[in-house]
Amino acid sequence: MIGASVPQPFKPSLRRARDVATGHWPKSLAYWRLGRTDQHPQTYTDKLLWRMAYDRRPMLTMFADKVGVRDYVADRIGDEHLSQLYGVYAHASEVDWAVLPHEYVCKASHGSGAVVLVRDAAPVGSVLPASPRFVGWDRFDVRPGPTVPPRLWDLIDKWMSLNFEYGPGRLPEWAYRDIPPRVLFETLLSGPDGNVPSDYKFYTFDGTVRLVQIDSDRFGGRHFREYVGRDGLPNGIKGELGTPDEAATIPESFARMVEIAEELARGVDFVRVDLYDTPDGIIFGELTNYPGAAVERWEPESVEVELGAHWPLPDLTQ
């Protein structure tokens, strides 16, 4: 992730330099590479690549659409687990700024990232870029102020012009291709400590949680990630991000979150279910088809085989 401290105009160049350094693919090679994916994969990442290359079920598009998925979630687990929605808009000119509270979240429905947190607890001096020219699918954490509406207006128009299916440095993610570009404004969530809540990501295979990823302090400048089992106990798995000095405190609602994740994933070969534990209850985050865009790595490497064994690939001929 390009750090929040890097000036916005430098981010595109830094992303391209990172892509070259890490061997990621430009667009033409990305489509060529994806077309050479193993059609009989065994490991988790190979199966993720298989899904990206061959799986064209409409269900994946619905999962990836942050607006469209809300009906699915309400049907499965009830709308009490959905964040409060202030509005959904296809154009910045449609936004009813008068209905927005002092603090809120704005996010694009048709991609990953593209989130603006507007809150008093944002770092001092944090503002949106004066121009969206160099902005992509970035995340921002800003304080409320008079510059937010006009700059967010321009940022929304920029997001509406983008398609997340492909971007430099990553393989194509088909599920995003046909999502209608929209933005949604929703309530700002707070964790038990009043800060942005930790993100609990449940890797579910054939409707069963097999791994849980906990992301903490994502907007605090020290993004940590750790992994536990469905029982909430550490399992020795490590990812590419640093781990906190102390293990995460597993909330009392954890077992219920596992149940909710498995209900949302019932009948699905694989999906990652993201949830938040808040003082107001368990709140749905998103359903993720392609975690890490198939470039994240695990330690130990045996995790790849173990998770892959739990993933029953669907028969796409039916």
# chains A, B, ... in the order shown; residues from 1 in each chain; ligands from 1

call {"tool": "residues_around", "arguments": {"residues": "segment 184-194 of chain A", "least_positions_apart": "6", "cutoff": "6 Å", "atoms": "only C-alpha atoms", "output": "compact mmCIF listing (two decimals) with N, CA and C atoms, in the first residue's frame"}}
result
# COMPACT_ATOMS: atom_id res chain seq x y z
N GLN A 84 -26.05 2.02 8.48
CA GLN A 84 -27.08 2.98 8.11
C GLN A 84 -26.66 3.71 6.84
N LEU A 85 -27.57 3.76 5.89
CA LEU A 85 -27.28 4.34 4.58
C LEU A 85 -27.93 5.71 4.48
N TYR A 86 -27.14 6.73 4.12
CA TYR A 86 -27.66 8.09 3.95
C TYR A 86 -28.05 8.38 2.50
N GLY A 87 -27.46 7.65 1.56
CA GLY A 87 -27.81 7.88 0.16
C GLY A 87 -26.89 7.13 -0.78
N VAL A 88 -27.41 6.86 -1.98
CA VAL A 88 -26.65 6.23 -3.06
C VAL A 88 -26.82 7.09 -4.29
N TYR A 104 -19.21 10.95 8.59
CA TYR A 104 -19.81 9.94 7.72
C TYR A 104 -18.70 9.26 6.91
N VAL A 105 -19.10 8.26 6.13
CA VAL A 105 -18.20 7.55 5.23
C VAL A 105 -18.76 7.64 3.82
N CYS A 106 -17.88 7.88 2.86
CA CYS A 106 -18.25 7.86 1.44
C CYS A 106 -17.37 6.82 0.76
N LYS A 107 -17.98 5.94 -0.01
CA LYS A 107 -17.18 4.92 -0.71
C LYS A 107 -17.79 4.62 -2.07
N THR A 278 -18.96 -3.76 16.68
CA THR A 278 -19.17 -2.39 17.15
C THR A 278 -20.05 -2.40 18.39
N PRO A 279 -20.07 -1.30 19.14
CA PRO A 279 -20.98 -1.22 20.29
C PRO A 279 -22.44 -1.40 19.92

call {"tool": "residues_around", "arguments": {"residues": "Leu316 of chain A", "least_positions_apart": "2", "cutoff": "8 Å", "atoms": "only C-alpha atoms", "output": "JSON, numbers by chain"}}
result
{"A": [55, 314, 318]}

call {"tool": "select_by_dssp", "arguments": {"residues": "segment 115-192 of chain A", "states": "helix (DSSP H, G or I)", "output": "VMD selection string"}}
result
chain A and resid 148 to 160 174 to 176

call {"tool": "closest_residue", "arguments": {"among": "A:Arg272, A:Arg119, A:His81, A:Lys158", "to": "Arg143 of chain A", "atoms": "only C-alpha atoms"}}
result
A:Arg119

call {"tool": "closest_residue", "arguments": {"among": "A:Asp277, A:Asp75, A:Glu252, A:Glu286", "to": "His110 of chain A", "atoms": "only C-alpha atoms"}}
result
A:Glu286

call {"tool": "closest_atom_pairs", "arguments": {"of": "segment 63-166 of chain A", "to": "segment 262-267 of chain A", "cutoff": "9 Å", "atoms": "only C-alpha atoms", "output": "Markdown table"}}
result
| residue | atom | partner | partner_atom | distance |
| --- | --- | --- | --- | --- |
| A:Tyr72 | CA | A:Leu264 | CA | 8.4 |
| A:Val73 | CA | A:Leu264 | CA | 6.9 |
| A:Arg76 | CA | A:Leu264 | CA | 6.2 |
| A:Ile77 | CA | A:Glu263 | CA | 7.2 |

call {"tool": "closest_residue", "arguments": {"among": "A:Glu94, A:Asp138, A:Asp157, A:Asp178", "to": "Met62 of chain A", "atoms": "only C-alpha atoms"}}
result
A:Asp178

call {"tool": "closest_residue", "arguments": {"among": "A:Asp46, A:Leu29, A:Pro9, A:Ala108", "to": "Ala130 of chain A", "atoms": "only C-alpha atoms"}}
result
A:Pro9

call {"tool": "atom_distance", "arguments": {"atom1": "atom CA of Leu14 of chain A", "atom2": "atom CA of Arg170 of chain A"}}
result
14.7 Å

call {"tool": "atom_distance", "arguments": {"atom1": "atom CA of Leu152 of chain A", "atom2": "atom CA of Leu117 of chain A"}}
result
11.0 Å

call {"tool": "closest_residue", "arguments": {"among": "A:Gly136, A:Gly78, A:Gly236, A:Gly285", "to": "Gly167 of chain A", "atoms": "only C-alpha atoms"}}
result
A:Gly136

call {"tool": "closest_residue", "arguments": {"among": "A:Val209, A:Val258, A:Leu171, A:Val228", "to": "Tyr290 of chain A", "atoms": "only C-alpha atoms"}}
result
A:Leu171

call {"tool": "residues_around", "arguments": {"residues": "Asp79 of chain A", "least_positions_apart": "6", "cutoff": "12 Å", "atoms": "only C-alpha atoms", "output": "NGL selection string"}}
result
:A and (69-73 or 85 or 281-284)

call {"tool": "select_by_dssp", "arguments": {"residues": "segment 133-248 of chain A", "states": "strand (DSSP E)", "output": "PyMOL selection string"}}
result
chain A and resi 139-142+183-186+199-205+208-216+224-228

call {"tool": "residues_around", "arguments": {"residues": "Gly232 of chain A", "least_positions_apart": "2", "cutoff": "12 Å", "atoms": "only C-alpha atoms", "output": "PyMOL selection string"}}
result
chain A and resi 200+202+209-214+226-230+234-235+247-258

call {"tool": "decode", "arguments": {"residues": "segment 54-114 of chain A", "atoms": "C-alpha atoms", "output": "tab-separated table (two decimals), in the first residue's frame"}}
result
chain	number	residue	atom	x	y	z
A	54	TYR	CA	-12.67	-18.57	-15.87
A	55	ASP	CA	-15.47	-18.01	-13.35
A	56	ARG	CA	-18.13	-15.70	-14.81
A	57	ARG	CA	-21.08	-16.41	-12.54
A	58	PRO	CA	-23.30	-13.31	-12.00
A	59	MET	CA	-23.18	-14.07	-8.29
A	60	LEU	CA	-19.61	-12.75	-8.18
A	61	THR	CA	-20.66	-9.39	-9.62
A	62	MET	CA	-23.44	-9.11	-7.06
A	63	PHE	CA	-21.00	-9.88	-4.23
A	64	ALA	CA	-18.55	-7.23	-5.45
A	65	ASP	CA	-21.21	-4.50	-5.76
A	66	LYS	CA	-21.27	-2.68	-2.41
A	67	VAL	CA	-24.79	-1.44	-3.11
A	68	GLY	CA	-26.26	-4.53	-4.75
A	69	VAL	CA	-24.97	-6.92	-2.09
A	70	ARG	CA	-27.02	-5.20	0.63
A	71	ASP	CA	-30.24	-6.95	-0.45
A	72	TYR	CA	-28.47	-10.31	-0.35
A	73	VAL	CA	-27.19	-9.61	3.16
A	74	ALA	CA	-30.60	-8.44	4.39
A	75	ASP	CA	-32.23	-11.61	3.05
A	76	ARG	CA	-29.64	-13.88	4.67
A	77	ILE	CA	-29.01	-12.31	8.08
A	78	GLY	CA	-31.35	-9.32	8.42
A	79	ASP	CA	-30.88	-5.63	7.75
A	80	GLU	CA	-29.92	-4.97	11.39
A	81	HIS	CA	-26.41	-6.03	10.38
A	82	LEU	CA	-26.18	-3.40	7.62
A	83	SER	CA	-24.70	0.04	8.18
A	84	GLN	CA	-27.08	2.98	8.11
A	85	LEU	CA	-27.28	4.34	4.58
A	86	TYR	CA	-27.66	8.09	3.95
A	87	GLY	CA	-27.81	7.88	0.16
A	88	VAL	CA	-26.65	6.23	-3.06
A	89	TYR	CA	-25.74	8.37	-6.05
A	90	ALA	CA	-24.50	7.91	-9.62
A	91	HIS	CA	-23.30	11.51	-9.99
A	92	ALA	CA	-21.83	14.02	-7.58
A	93	SER	CA	-24.50	16.53	-8.64
A	94	GLU	CA	-27.16	14.22	-7.15
A	95	VAL	CA	-25.69	14.18	-3.63
A	96	ASP	CA	-27.95	15.72	-1.01
A	97	TRP	CA	-25.27	17.22	1.20
A	98	ALA	CA	-27.89	18.53	3.61
A	99	VAL	CA	-28.82	15.02	4.81
A	100	LEU	CA	-25.26	14.09	5.73
A	101	PRO	CA	-24.29	14.21	9.40
A	102	HIS	CA	-21.15	15.83	10.75
A	103	GLU	CA	-19.23	12.55	10.42
A	104	TYR	CA	-19.81	9.94	7.72
A	105	VAL	CA	-18.20	7.55	5.23
A	106	CYS	CA	-18.25	7.86	1.44
A	107	LYS	CA	-17.18	4.92	-0.71
A	108	ALA	CA	-17.39	3.80	-4.30
A	109	SER	CA	-19.62	0.80	-4.92
A	110	HIS	CA	-17.75	-0.55	-7.92
A	111	GLY	CA	-14.17	-1.08	-6.71
A	112	SER	CA	-11.83	-1.82	-3.84
A	113	GLY	CA	-10.52	1.09	-1.79
A	114	ALA	CA	-12.03	4.42	-2.84
